[in-house]
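K.L.:
My structure is in query01.txt, and what it holds is compact mmCIF, C-alpha atoms:
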```
# COMPACT_ATOMS: atom_id res chain seq x y z
CA MET A 1 136.72 119.38 90.84
CA SER A 2 137.33 121.86 93.55
CA VAL A 3 139.52 120.09 96.11
CA PRO A 4 143.00 121.54 95.61
CA GLY A 5 145.45 118.95 94.27
CA PHE A 6 142.71 116.45 93.48
CA HIS A 7 142.35 115.53 89.81
CA ARG A 8 139.81 113.25 88.22
CA PRO A 9 140.66 113.02 84.53
CA ALA A 10 138.35 111.38 81.99
CA THR A 11 141.00 109.68 79.86
CA VAL A 12 144.13 107.58 80.42
CA GLU A 13 146.18 110.03 78.37
CA GLU A 14 145.09 112.94 80.52
CA ALA A 15 145.85 110.95 83.68
CA ALA A 16 149.34 110.07 82.45
CA LYS A 17 149.99 113.71 81.54
CA LEU A 18 148.87 114.87 85.00
CA LEU A 19 151.06 112.25 86.69
CA ALA A 20 154.07 113.27 84.62
CA CYS A 21 153.75 117.01 85.14
CA THR A 22 152.39 117.32 88.69
CA GLU A 23 154.99 117.48 91.43
CA GLY A 24 154.46 114.76 94.06
CA ALA A 25 151.33 113.30 92.40
CA ARG A 26 150.14 109.77 93.13
CA CYS A 27 147.68 107.69 91.21
CA LEU A 28 144.53 106.67 93.12
CA ALA A 29 142.82 103.46 92.00
CA GLY A 30 140.55 101.75 94.58
CA GLY A 31 142.26 103.37 97.58
CA ALA A 32 142.73 100.16 99.54
CA THR A 33 146.51 100.64 99.66
CA LEU A 34 147.19 104.33 99.02
CA VAL A 35 144.61 105.69 101.48
CA ALA A 36 145.70 103.20 104.15
CA MET A 37 149.25 104.49 103.70
CA MET A 38 148.04 108.11 103.85
CA ASN A 39 146.14 107.37 107.06
CA ALA A 40 149.32 105.91 108.55
CA SER A 41 151.38 108.91 107.34
CA LEU A 42 153.46 106.57 105.17
CA ALA A 43 152.39 108.47 102.04
CA GLU A 44 151.70 112.19 101.83
CA PRO A 45 150.92 112.89 98.21
CA LYS A 46 150.91 116.56 97.21
CA ALA A 47 148.43 115.77 94.45
CA ILE A 48 146.19 112.84 93.60
CA VAL A 49 145.18 111.67 90.16
CA SER A 50 142.02 109.59 90.59
CA LEU A 51 141.37 107.00 87.90
CA ALA A 52 137.71 106.65 88.94
CA GLY A 53 136.37 108.77 86.09
CA ILE A 54 138.05 106.86 83.26
CA GLY A 55 135.50 104.55 81.67
CA GLU A 56 138.07 102.63 79.63
CA LEU A 57 139.69 101.27 82.79
CA SER A 58 136.61 99.47 84.14
CA GLY A 59 135.56 95.95 83.41
CA ILE A 60 136.63 92.84 81.55
CA SER A 61 136.31 92.48 77.77
CA VAL A 62 137.12 89.83 75.19
CA LEU A 63 139.76 90.79 72.63
CA ALA A 64 139.64 89.99 68.91
CA GLY A 65 142.00 87.00 69.28
CA GLY A 66 139.99 85.48 72.16
CA GLY A 67 142.21 86.87 74.91
CA LEU A 68 140.81 88.93 77.76
CA ARG A 69 141.48 92.49 78.76
CA ILE A 70 140.97 93.40 82.42
CA GLY A 71 140.86 97.17 82.88
CA ALA A 72 143.13 98.45 85.66
CA MET A 73 140.15 99.72 87.70
CA THR A 74 138.33 96.38 87.65
CA ARG A 75 137.47 95.44 91.22
CA HIS A 76 138.58 92.13 92.74
CA ARG A 77 134.91 91.18 93.10
CA GLU A 78 134.33 91.47 89.33
CA THR A 79 137.41 89.38 88.55
CA ALA A 80 136.40 86.79 91.14
CA GLU A 81 132.93 86.48 89.59
CA ASP A 82 133.79 86.48 85.87
CA ALA A 83 132.91 83.11 84.36
CA ARG A 84 135.06 83.81 81.28
CA LEU A 85 138.12 83.25 83.45
CA THR A 86 137.94 79.53 82.89
CA GLY A 87 140.34 76.68 82.02
CA THR A 88 143.92 77.89 82.32
CA LEU A 89 142.70 81.36 83.37
CA ALA A 90 140.81 79.99 86.37
CA VAL A 91 144.04 80.58 88.29
CA LEU A 92 143.37 84.32 88.23
CA ARG A 93 139.75 84.00 89.25
CA ASP A 94 140.75 81.74 92.12
CA ALA A 95 143.35 84.29 93.27
CA ALA A 96 140.85 87.19 93.13
CA ARG A 97 138.35 85.18 95.16
CA GLN A 98 140.87 84.81 98.00
CA ILE A 99 141.85 88.48 98.34
CA ALA A 100 140.92 90.03 101.69
CA ASN A 101 137.12 90.12 102.29
CA PRO A 102 133.93 91.33 100.56
CA PRO A 103 134.13 95.08 101.31
CA VAL A 104 137.78 95.23 100.29
CA ARG A 105 137.05 93.20 97.13
CA ASN A 106 134.42 95.83 96.33
CA MET A 107 137.10 98.54 96.45
CA GLY A 108 140.44 97.08 95.49
CA THR A 109 141.46 97.00 91.84
CA ILE A 110 143.77 94.76 89.85
CA GLY A 111 145.78 97.74 88.61
CA GLY A 112 146.24 99.21 92.06
CA SER A 113 147.16 95.88 93.55
CA ILE A 114 149.83 94.98 91.03
CA ALA A 115 151.27 98.51 90.92
CA PHE A 116 151.92 98.17 94.65
CA ALA A 117 153.58 94.79 93.98
CA ASP A 118 153.45 93.21 97.41
CA PRO A 119 155.05 89.81 96.71
CA ALA A 120 152.71 88.17 99.24
CA ALA A 121 149.64 89.46 97.38
CA ASP A 122 147.47 87.07 95.39
CA TYR A 123 147.63 88.47 91.87
CA PRO A 124 151.40 88.48 91.15
CA PRO A 125 151.98 84.69 91.03
CA ALA A 126 148.57 84.10 89.43
CA LEU A 127 149.35 86.54 86.60
CA VAL A 128 152.71 84.87 86.01
CA ALA A 129 151.09 81.43 85.92
CA ALA A 130 148.39 82.71 83.57
CA GLY A 131 151.01 84.09 81.16
CA ALA A 132 149.56 87.61 81.44
CA GLU A 133 150.94 90.83 80.07
CA ILE A 134 150.62 94.22 81.74
CA GLU A 135 149.65 97.22 79.61
CA ILE A 136 151.41 100.38 80.77
CA ALA A 137 150.29 103.85 79.72
CA SER A 138 152.24 107.09 79.66
CA ALA A 139 151.80 110.46 77.99
CA SER A 140 153.72 109.09 75.00
CA GLY A 141 151.57 105.98 74.46
CA ARG A 142 151.26 102.41 75.66
CA ARG A 143 153.62 99.51 76.05
CA ARG A 144 153.27 95.91 77.14
CA VAL A 145 155.39 93.97 79.57
CA ALA A 146 155.13 90.28 80.48
CA ALA A 147 153.89 89.86 84.06
CA GLU A 148 157.14 88.13 84.88
CA ALA A 149 159.13 91.21 83.86
CA PHE A 150 156.64 93.65 85.40
CA PHE A 151 157.42 92.51 88.95
CA VAL A 152 161.00 93.62 89.53
CA ASP A 153 161.74 93.59 93.25
CA TRP A 154 160.06 94.10 96.65
CA TYR A 155 157.25 96.59 96.01
CA THR A 156 158.96 97.56 92.76
CA THR A 157 157.62 97.22 89.23
CA ALA A 158 158.65 98.08 85.70
CA LEU A 159 156.56 101.26 85.92
CA GLY A 160 158.61 104.37 85.28
CA PRO A 161 157.86 107.95 86.33
CA GLY A 162 154.69 109.23 84.69
CA GLU A 163 153.49 105.70 83.89
CA LEU A 164 150.44 103.84 85.13
CA VAL A 165 148.94 100.39 84.68
CA SER A 166 146.06 100.63 82.21
CA ALA A 167 145.14 96.95 81.81
CA VAL A 168 146.02 93.32 82.35
CA LEU A 169 146.00 91.31 79.12
CA LEU A 170 145.39 87.58 79.24
CA PRO A 171 145.93 85.00 76.52
CA PRO A 172 142.81 83.15 75.34
CA PRO A 173 141.75 80.60 77.98
CA ARG A 174 142.80 77.05 77.08
CA PRO A 175 140.91 74.00 78.24
CA GLY A 176 142.46 72.73 81.43
CA ALA A 177 142.56 73.81 85.05
CA GLY A 178 143.95 76.63 87.12
CA LEU A 179 144.12 77.24 90.83
CA HIS A 180 145.74 79.44 93.42
CA LYS A 181 146.54 77.58 96.60
CA LYS A 182 147.31 79.86 99.50
CA LEU A 183 148.60 79.15 102.97
CA ALA A 184 147.62 82.10 105.18
CA ARG A 185 147.12 82.68 108.90
CA VAL A 186 143.46 83.45 108.35
CA SER A 187 141.26 83.50 105.27
CA GLY A 188 141.87 86.67 103.25
CA ASP A 189 145.29 87.46 104.73
CA PHE A 190 148.39 87.89 102.59
CA ALA A 191 150.09 84.62 101.80
CA ILE A 192 152.69 82.87 103.92
CA VAL A 193 153.25 80.84 100.75
CA SER A 194 151.04 80.62 97.70
CA VAL A 195 151.15 78.40 94.62
CA ALA A 196 149.59 79.53 91.36
CA LEU A 197 149.22 76.72 88.86
CA SER A 198 147.69 76.48 85.42
CA LEU A 199 147.38 73.27 83.43
CA ALA A 200 146.55 73.35 79.74
CA ARG A 201 145.36 70.23 77.99
CA GLN A 202 147.33 69.51 74.82
CA PRO A 203 147.44 66.55 72.44
CA SER A 204 150.54 65.12 74.11
CA GLY A 205 149.22 65.56 77.66
CA VAL A 206 149.22 68.66 79.84
CA ALA A 207 151.33 71.83 79.80
CA ALA A 208 151.99 73.22 83.27
CA ARG A 209 152.92 76.70 84.43
CA ILE A 210 153.63 77.28 88.11
CA ALA A 211 154.61 80.31 90.20
CA ILE A 212 155.19 80.81 93.91
CA GLY A 213 154.13 83.87 95.92
CA GLY A 214 155.24 85.17 99.31
CA CYS A 215 158.71 83.67 99.12
CA GLY A 216 160.96 86.38 97.78
CA PRO A 217 160.96 89.82 96.19
CA LYS A 218 158.73 88.79 93.29
CA PRO A 219 156.83 85.75 92.04
CA LEU A 220 159.12 82.76 91.64
CA HIS A 221 158.86 81.07 88.25
CA ILE A 222 161.33 78.58 86.79
CA ALA A 223 160.81 77.42 83.20
CA GLU A 224 162.58 74.11 83.93
CA VAL A 225 160.11 73.35 86.70
CA ASP A 226 157.23 73.95 84.28
CA ALA A 227 158.95 71.51 81.92
CA MET A 228 159.40 68.88 84.66
CA LEU A 229 155.71 69.02 85.54
CA THR A 230 154.67 69.10 81.90
CA ALA A 231 156.69 65.96 81.19
CA ARG A 232 155.50 63.91 84.17
CA LEU A 233 152.55 65.57 85.84
CA GLY A 234 151.00 62.35 87.11
CA ASP A 235 154.10 61.29 88.98
CA ALA A 236 154.04 62.18 92.70
CA ASP A 237 157.86 62.16 92.91
CA THR A 238 158.02 64.69 90.10
CA ALA A 239 155.66 67.05 91.90
CA ARG A 240 157.77 66.62 95.03
CA SER A 241 161.05 67.40 93.27
CA ALA A 242 159.48 70.31 91.41
CA GLY A 243 158.53 71.72 94.82
CA GLU A 244 162.00 71.09 96.21
CA ARG A 245 163.56 72.81 93.22
CA LEU A 246 161.32 75.85 93.78
CA ALA A 247 162.08 75.86 97.52
CA ALA A 248 165.82 75.82 96.83
CA ALA A 249 165.50 78.79 94.47
CA SER A 250 163.18 80.75 96.77
CA ASP A 251 164.40 83.72 98.77
CA PRO A 252 161.94 84.12 101.64
CA VAL A 253 162.39 86.35 104.68
CA ASP A 254 161.38 86.03 108.33
CA ASP A 255 158.37 88.20 109.00
CA VAL A 256 155.30 88.44 111.19
CA ARG A 257 153.57 85.68 109.20
CA ALA A 258 156.26 82.99 109.28
CA SER A 259 159.98 82.33 109.28
CA ALA A 260 161.94 81.87 106.08
CA ASP A 261 162.77 78.28 107.11
CA TYR A 262 159.10 77.47 107.58
CA ARG A 263 158.30 78.85 104.14
CA ARG A 264 161.02 76.71 102.53
CA LEU A 265 159.59 73.70 104.31
CA VAL A 266 156.06 74.46 103.15
CA ILE A 267 156.73 75.14 99.45
CA PRO A 268 157.19 71.49 98.35
CA ARG A 269 154.14 70.37 100.33
CA LEU A 270 151.95 73.14 98.96
CA VAL A 271 153.18 72.48 95.42
CA ALA A 272 152.39 68.77 95.75
CA ALA A 273 148.94 69.58 97.12
CA ALA A 274 148.28 72.10 94.33
CA VAL A 275 149.34 69.63 91.63
CA ALA A 276 147.14 66.89 93.09
CA GLU A 277 144.18 69.24 93.35
CA ALA A 278 144.60 70.57 89.81
CA ARG A 279 144.88 67.03 88.42
CA THR A 280 141.67 66.09 90.18
CA ALA A 281 139.97 69.16 88.71
CA LEU A 282 141.28 68.22 85.27
CA GLU A 283 140.04 64.65 85.53
CA ALA A 284 136.63 65.79 86.75
CA LYS A 285 136.05 67.67 83.50
CA MET B 1 136.75 122.44 98.48
CA THR B 2 133.14 121.40 98.31
CA VAL B 3 132.16 117.87 97.32
CA ALA B 4 128.57 117.04 96.38
CA LEU B 5 127.38 113.71 97.78
CA LYS B 6 124.11 111.94 98.16
CA ILE B 7 123.94 110.65 101.72
CA ASN B 8 121.04 108.51 102.92
CA GLY B 9 118.86 109.82 100.13
CA ALA B 10 119.58 113.53 100.58
CA ALA B 11 121.95 115.76 98.62
CA LYS B 12 124.73 117.08 100.80
CA ALA B 13 127.69 119.35 100.11
CA VAL B 14 130.69 118.67 102.31
CA GLU B 15 134.03 120.33 102.75
CA ALA B 16 137.01 118.10 102.04
CA GLY B 17 140.76 118.45 101.86
CA LEU B 18 142.99 116.20 99.78
CA SER B 19 143.51 113.56 102.46
CA ASP B 20 140.12 113.67 104.19
CA THR B 21 138.34 110.34 104.18
CA LEU B 22 134.65 109.69 103.74
CA LEU B 23 134.63 108.41 107.33
CA THR B 24 135.85 111.75 108.74
CA VAL B 25 133.32 113.65 106.67
CA LEU B 26 130.44 111.38 107.70
CA ARG B 27 131.25 111.54 111.40
CA ASP B 28 132.51 115.11 111.82
CA GLN B 29 130.47 117.05 109.26
CA CYS B 30 127.33 114.99 108.74
CA LEU B 31 127.20 113.83 112.39
CA LEU B 32 126.45 110.30 111.19
CA THR B 33 128.36 108.38 113.83
CA ALA B 34 127.22 104.80 113.23
CA ALA B 35 130.33 104.15 111.13
CA LYS B 36 133.23 103.93 113.57
CA ARG B 37 136.90 104.66 113.30
CA GLY B 38 138.64 101.50 114.45
CA CYS B 39 141.94 100.75 112.75
CA ASN B 40 141.74 103.44 110.03
CA GLN B 41 143.58 100.89 107.85
CA GLY B 42 140.71 99.02 106.25
CA VAL B 43 141.25 95.93 108.38
CA CYS B 44 138.63 96.01 111.14
CA GLY B 45 135.48 96.88 109.17
CA ALA B 46 133.90 99.13 111.81
CA CYS B 47 133.64 101.95 109.23
CA THR B 48 131.88 99.87 106.55
CA VAL B 49 129.19 101.84 104.63
CA LEU B 50 127.48 101.37 101.28
CA VAL B 51 129.03 103.30 98.40
CA ASP B 52 126.84 103.10 95.31
CA GLY B 53 125.06 100.18 96.95
CA ARG B 54 128.09 98.09 97.91
CA PRO B 55 129.88 97.78 101.26
CA GLN B 56 133.19 99.60 101.26
CA ARG B 57 135.59 100.96 103.83
CA ALA B 58 134.77 104.59 104.56
CA CYS B 59 138.25 104.98 106.07
CA LEU B 60 139.91 104.00 102.78
CA THR B 61 137.62 106.15 100.65
CA LEU B 62 138.76 109.69 99.95
CA ALA B 63 135.89 112.16 100.30
CA ALA B 64 137.17 114.10 97.28
CA ASN B 65 136.76 110.97 95.16
CA CYS B 66 133.08 110.60 96.13
CA GLU B 67 131.73 113.45 93.98
CA GLY B 68 128.34 112.25 92.77
CA ALA B 69 128.47 108.98 94.74
CA THR B 70 125.50 107.58 96.65
CA ILE B 71 126.43 106.85 100.25
CA THR B 72 124.27 104.85 102.62
CA THR B 73 125.15 104.54 106.28
CA LEU B 74 123.44 102.44 108.91
CA GLU B 75 121.32 105.49 109.82
CA GLY B 76 119.92 105.43 106.29
CA LEU B 77 118.72 101.84 106.66
CA LYS B 78 116.79 102.19 109.91
CA ARG B 79 113.44 101.65 108.19
CA ASP B 80 114.70 98.98 105.83
CA PRO B 81 112.84 95.69 106.51
CA THR B 82 115.97 93.50 106.30
CA MET B 83 117.86 95.84 108.62
CA MET B 84 114.99 95.89 111.09
CA ARG B 85 114.98 92.09 111.13
CA LEU B 86 118.73 92.02 111.70
CA GLN B 87 118.48 94.51 114.54
CA LYS B 88 115.77 92.43 116.14
CA THR B 89 117.72 89.15 115.95
CA PHE B 90 120.96 90.87 117.09
CA ALA B 91 119.13 92.16 120.17
CA SER B 92 117.21 88.99 120.98
CA LEU B 93 120.18 86.65 120.52
CA GLY B 94 122.69 88.81 122.38
CA ALA B 95 124.89 89.45 119.34
CA VAL B 96 126.03 92.84 120.66
CA GLN B 97 128.66 93.15 123.35
CA CYS B 98 130.50 96.50 123.40
CA GLY B 99 128.75 97.38 120.14
CA PHE B 100 131.66 99.12 118.41
CA CYS B 101 131.81 96.66 115.51
CA THR B 102 128.02 96.27 115.23
CA PRO B 103 127.23 99.00 112.65
CA GLY B 104 129.83 97.65 110.21
CA ILE B 105 128.68 94.09 110.77
CA LEU B 106 125.06 95.08 110.15
CA ILE B 107 126.02 96.71 106.83
CA SER B 108 127.91 93.59 105.73
CA ALA B 109 125.11 91.28 106.91
CA HIS B 110 122.49 93.39 105.15
CA TRP B 111 124.39 93.15 101.84
CA LEU B 112 124.87 89.41 102.35
CA LEU B 113 121.13 88.85 102.90
CA ALA B 114 120.27 91.03 99.89
CA ARG B 115 122.31 88.69 97.69
CA ASN B 116 121.67 85.48 99.57
CA PRO B 117 118.45 85.62 101.67
CA ALA B 118 119.03 82.36 103.54
CA PRO B 119 122.80 81.91 103.82
CA ALA B 120 124.47 78.82 105.25
CA ILE B 121 126.72 79.26 108.28
CA ASP B 122 129.88 79.14 106.15
CA GLU B 123 128.45 81.72 103.79
CA ILE B 124 127.73 83.99 106.75
CA ARG B 125 131.29 83.53 108.00
CA ALA B 126 132.65 84.43 104.54
CA GLY B 127 130.26 87.37 104.23
CA LEU B 128 131.35 88.80 107.58
CA SER B 129 135.04 87.98 107.13
CA GLY B 130 135.82 91.67 106.69
CA ASN B 131 134.47 92.64 110.09
CA LEU B 132 136.37 92.05 113.30
CA CYS B 133 134.73 91.88 116.73
CA ARG B 134 137.30 92.52 119.45
CA CYS B 135 134.92 91.14 122.06
CA THR B 136 135.17 87.99 119.90
CA GLY B 137 131.44 87.34 120.11
CA TYR B 138 131.26 85.81 116.65
CA ARG B 139 129.12 82.83 117.50
CA LYS B 140 126.07 84.89 118.44
CA ILE B 141 126.61 87.35 115.60
CA ILE B 142 126.53 84.46 113.12
CA ASP B 143 123.46 82.99 114.84
CA ALA B 144 121.69 86.35 114.59
CA VAL B 145 122.38 86.72 110.86
CA ALA B 146 121.22 83.14 110.30
CA ALA B 147 118.04 83.84 112.26
CA ALA B 148 117.36 87.02 110.26
CA GLY B 149 117.77 84.99 107.08
CA ARG B 150 115.37 82.32 108.34
CA THR B 151 112.82 84.93 109.41
CA ALA B 152 112.94 86.41 105.92
CA ALA B 153 112.52 82.99 104.31
CA GLU B 154 109.51 82.25 106.52
CA ALA B 155 107.96 85.67 105.88
CA GLY B 156 108.39 85.22 102.14
CA ALA B 157 106.92 81.70 102.14
```
Can the structure from this file be put into structure tokens for me?
P.N.:
Amino acid sequence: MSVPGFHRPATVEEAAKLLACTEGARCLAGGATLVAMMNASLAEPKAIVSLAGIGELSGISVLAGGGLRIGAMTRHRETAEDARLTGTLAVLRDAARQIANPPVRNMGTIGGSIAFADPAADYPPALVAAGAEIEIASASGRRRVAAEAFFVDWYTTALGPGELVSAVLLPPPRPGAGLHKKLARVSGDFAIVSVALSLARQPSGVAARIAIGGCGPKPLHIAEVDAMLTARLGDADTARSAGERLAAASDPVDDVRASADYRRLVIPRLVAAAVAEARTALEAK
Amino acid sequence: MTVALKINGAAKAVEAGLSDTLLTVLRDQCLLTAAKRGCNQGVCGACTVLVDGRPQRACLTLAANCEGATITTLEGLKRDPTMMRLQKTFASLGAVQCGFCTPGILISAHWLLARNPAPAIDEIRAGLSGNLCRCTGYRKIIDAVAAAGRTAAEAGA
């Protein structure tokens, strides 16, 4: 490659090494975020490590235990179209489907999106609701972090210097339902509020996992709320109080999309709507 | 500094710096000016071109990352039957106002019709959701894509 400062390694290890030892280097995945920031002079990388030439990072595969591995360079379109994301994992497919628009879904990648960690983006709450893990690569090897621990703060992740996202790991899909309900100004915009919900059928009923996006520095997930919904999913009052509990714990800000007060008002309503919709989907099966 | 691309069927070597986008290279070096620079942020869709057969934002694509890629711009589709149908229906139904967004919309519409030859109105809306028209002439644009789809269905029947 002959453009000065531009690197296109063939392996994850090589990419991690380049990131670690090149002054001012940034990782380039699909470009939807980094290049937009470069065009706006918000990022001026001295070197770029493109992940486009690393075969391992592309596509979705089934792991030995039945879980799924989504390579970091997998485009939103591929995730949105993958029929193996079913049952409890449908939450992720539904989130991918609602990202931006077709050309951007052809470019944007799951690894690039979550490494940027915009809390109003679609993947963060969906990955928390799906119980995903993030695989992180560095020159010294790989490690795994639960999605919940990966998102640390506004635009901040558990990635350290010289580290990159290599994959998203999902548990085996369980029979049930999953959906990502987003309130946005227009279709494809970042969320004002979003609710990611997965329901797993189990002998005693249904196990719920719920996370909220767009209402604080990272996806909001409260184990007790999962337990409330798991215990009494069919009860409309329970869904309402689960939503109120999440609203009380949320930490939204006023921004161009909505005020913080509006978001707190919307959370319980969107949660109730998501629960009702997921129950309907569950009963239809 | 040279990047080897395949543009509209022909091999082409372009000069690119680290932060040069495909859009800049297409317009300034290749003199292919159908793709427009609107927002330069990936939002408006005026720069949409096909990269390896799929619509992408040329403004969010680094030229240096396109080594070996196949790029198709609107100029490269001028003899494509679907594109010719679209151009005809856009003209006859008045789907062009200032025309700045039109090349990007035609690329998106072309890809939509390739995957879904007779799309419903909602499918057209979803397919064009990544292209903004600041003249806000969406109604006629959607009608024109629908008409091009119908023409294709009739021709194929």
K.L.:
Find the residues with any atom within 12 Å of (119.5, 96.5, 110.3); use all atoms listed in the file and the coordinates as given in the file, and write the answer as JSON, numbers by chain.
P.N.:
{"B": [34, 73, 74, 75, 76, 77, 78, 79, 80, 81, 82, 83, 84, 85, 86, 87, 88, 89, 90, 91, 102, 103, 104, 105, 106, 107, 108, 109, 110, 111, 112, 113, 114, 144, 145, 148]}
K.L.:
What is the distance between CA of Gly130 in chain B and CA of Cys44 in chain B, in Å to one decimal?
P.N.:
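A separation of 6.8 Å between them.
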K.L.:
Set the distance at 6 Å and use all atoms listed in the file: which residues neighbour Leu22 in chain B once local chain neighbours fewer than 6 positions away are removed? I'd like the list as a list in words.
P.N.:
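With the cut-off at 6 Å, the set is Ala58, Thr61, Leu62 and Ala63 of chain B.
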K.L.:
Residues of chain B within 10 Å of chain A, counting all atoms listed in the file, what are they? List them as a JSON list (two decimals) with C-alpha atoms, in the coordinates of the input.
P.N.:
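Produced file iface35.json, reproduced below:
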```json
[["chain", "number", "residue", "atom", "x", "y", "z"],
["B", 1, "MET", "CA", 136.75, 122.44, 98.48],
["B", 2, "THR", "CA", 133.14, 121.40, 98.31],
["B", 3, "VAL", "CA", 132.16, 117.87, 97.32],
["B", 15, "GLU", "CA", 134.03, 120.33, 102.75],
["B", 16, "ALA", "CA", 137.01, 118.10, 102.04],
["B", 17, "GLY", "CA", 140.76, 118.45, 101.86],
["B", 18, "LEU", "CA", 142.99, 116.20, 99.78],
["B", 19, "SER", "CA", 143.51, 113.56, 102.46],
["B", 20, "ASP", "CA", 140.12, 113.67, 104.19],
["B", 21, "THR", "CA", 138.34, 110.34, 104.18],
["B", 39, "CYS", "CA", 141.94, 100.75, 112.75],
["B", 40, "ASN", "CA", 141.74, 103.44, 110.03],
["B", 41, "GLN", "CA", 143.58, 100.89, 107.85],
["B", 42, "GLY", "CA", 140.71, 99.02, 106.25],
["B", 43, "VAL", "CA", 141.25, 95.93, 108.38],
["B", 45, "GLY", "CA", 135.48, 96.88, 109.17],
["B", 48, "THR", "CA", 131.88, 99.87, 106.55],
["B", 49, "VAL", "CA", 129.19, 101.84, 104.63],
["B", 50, "LEU", "CA", 127.48, 101.37, 101.28],
["B", 51, "VAL", "CA", 129.03, 103.30, 98.40],
["B", 54, "ARG", "CA", 128.09, 98.09, 97.91],
["B", 55, "PRO", "CA", 129.88, 97.78, 101.26],
["B", 56, "GLN", "CA", 133.19, 99.60, 101.26],
["B", 57, "ARG", "CA", 135.59, 100.96, 103.83],
["B", 59, "CYS", "CA", 138.25, 104.98, 106.07],
["B", 60, "LEU", "CA", 139.91, 104.00, 102.78],
["B", 61, "THR", "CA", 137.62, 106.15, 100.65],
["B", 62, "LEU", "CA", 138.76, 109.69, 99.95],
["B", 63, "ALA", "CA", 135.89, 112.16, 100.30],
["B", 64, "ALA", "CA", 137.17, 114.10, 97.28],
["B", 65, "ASN", "CA", 136.76, 110.97, 95.16],
["B", 66, "CYS", "CA", 133.08, 110.60, 96.13],
["B", 67, "GLU", "CA", 131.73, 113.45, 93.98],
["B", 107, "ILE", "CA", 126.02, 96.71, 106.83],
["B", 108, "SER", "CA", 127.91, 93.59, 105.73],
["B", 111, "TRP", "CA", 124.39, 93.15, 101.84],
["B", 112, "LEU", "CA", 124.87, 89.41, 102.35],
["B", 126, "ALA", "CA", 132.65, 84.43, 104.54],
["B", 127, "GLY", "CA", 130.26, 87.37, 104.23],
["B", 128, "LEU", "CA", 131.35, 88.80, 107.58],
["B", 129, "SER", "CA", 135.04, 87.98, 107.13],
["B", 130, "GLY", "CA", 135.82, 91.67, 106.69],
["B", 131, "ASN", "CA", 134.47, 92.64, 110.09]]
```
K.L.:
Rounded to one decimal, what separation in Å do you get between CA of Leu26 in chain B and CA of Glu78 in chain A?
P.N.:
27.4 Å
K.L.:
Report as number ranges by chain all protein, DNA and RNA residues lying within 7 Å of Val145 in chain A, evaluated on only C-alpha atoms, omitting residues in the same chain fewer than 5 positions from it.
P.N.:
A: 133-135, 150
K.L.:
Counting all atoms listed in the file, what is within 6 Å of Ala46 in chain B, bar same-chain residues fewer than 4 positions away, as a list of chain:residue names?
P.N.:
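Selected residues are B:Lys36, B:Gly38, B:Cys101, B:Gly104.
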K.L.:
Pick out the closest residue to Gly87 in chain A from this set: A:Ile99, A:Ala272, A:Ala281, A:Ala139. Count all atoms listed in the file.
P.N.:
A:Ala281
K.L.:
Have a look at CA of Ala10 in chain A and CA of Arg75 in chain A and let me know their distance in Å, one decimal.
P.N.:
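Taking CA of Ala10 in chain A and CA of Arg75 in chain A, their separation equals 18.4 Å.
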K.L.:
Need the shell around Ile7 in chain B: protein/DNA/RNA residues with any atom at most 9 Å away, counting only C-alpha atoms. Skip same-chain ones fewer than 3 positions apart. Format as a count of residues only?
P.N.:
11
K.L.:
Measuring between all atoms listed in the file, which one of B:Leu93, B:Ile141, B:Val25, B:Leu32 shows the shortest distance to Asn8 in chain B?
P.N.:
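Distance minimum relative to Asn8 in chain B lands on B:Leu32.
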K.L.:
Give me the residues near Gly243 in chain A as JSON, numbers by chain, where near means some atom within 9 Å (using all atoms listed in the file) and where sequence neighbours in that chain fewer than 3 positions away do not count.
P.N.:
{"A": [225, 238, 239, 240, 246, 247, 248, 267, 268, 269, 270, 271, 272]}
K.L.:
Can you work out which one of A:Ala121, A:Gly160, A:Ser138, A:Leu282 has the shortest atom-to-atom distance to Leu179 in chain A, counting only C-alpha atoms?
P.N.:
A:Leu282
K.L.:
What box, with edges along x, y and z, holds each listed atom of range 89-101 of chain B when 3 Å is added on every side, and can you state its centre and edge lengths in Å to one decimal, as lines of an AutoDock Vina configuration file?
P.N.:
```
center_x = 124.5
center_y = 92.9
center_z = 119.5
size_x = 20.6
size_y = 18.5
size_z = 13.9
```
K.L.:
Can you sort out range 102-107 of chain A so it carries N, CA and C atoms, written as a PDB file, in the frame of the given file?
P.N.:
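Below is the file that was written, part_14.pdb:
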```pdb
ATOM      1  N   PRO A 102     134.841  90.694 101.529  1.00  0.00           N
ATOM      2  CA  PRO A 102     133.930  91.330 100.560  1.00  0.00           C
ATOM      3  C   PRO A 102     134.035  92.858 100.431  1.00  0.00           C
ATOM      4  N   PRO A 103     134.035  93.631 101.526  1.00  0.00           N
ATOM      5  CA  PRO A 103     134.130  95.080 101.310  1.00  0.00           C
ATOM      6  C   PRO A 103     135.421  95.513 100.604  1.00  0.00           C
ATOM      7  N   VAL A 104     136.519  94.871 100.941  1.00  0.00           N
ATOM      8  CA  VAL A 104     137.780  95.230 100.290  1.00  0.00           C
ATOM      9  C   VAL A 104     137.776  94.775  98.823  1.00  0.00           C
ATOM     10  N   ARG A 105     137.148  93.633  98.536  1.00  0.00           N
ATOM     11  CA  ARG A 105     137.050  93.200  97.130  1.00  0.00           C
ATOM     12  C   ARG A 105     136.136  94.124  96.332  1.00  0.00           C
ATOM     13  N   ASN A 106     135.247  94.840  97.017  1.00  0.00           N
ATOM     14  CA  ASN A 106     134.420  95.830  96.330  1.00  0.00           C
ATOM     15  C   ASN A 106     135.195  97.098  95.981  1.00  0.00           C
ATOM     16  N   MET A 107     136.325  97.311  96.650  1.00  0.00           N
ATOM     17  CA  MET A 107     137.100  98.540  96.450  1.00  0.00           C
ATOM     18  C   MET A 107     138.352  98.297  95.637  1.00  0.00           C
TER      19      MET A 107
END
```
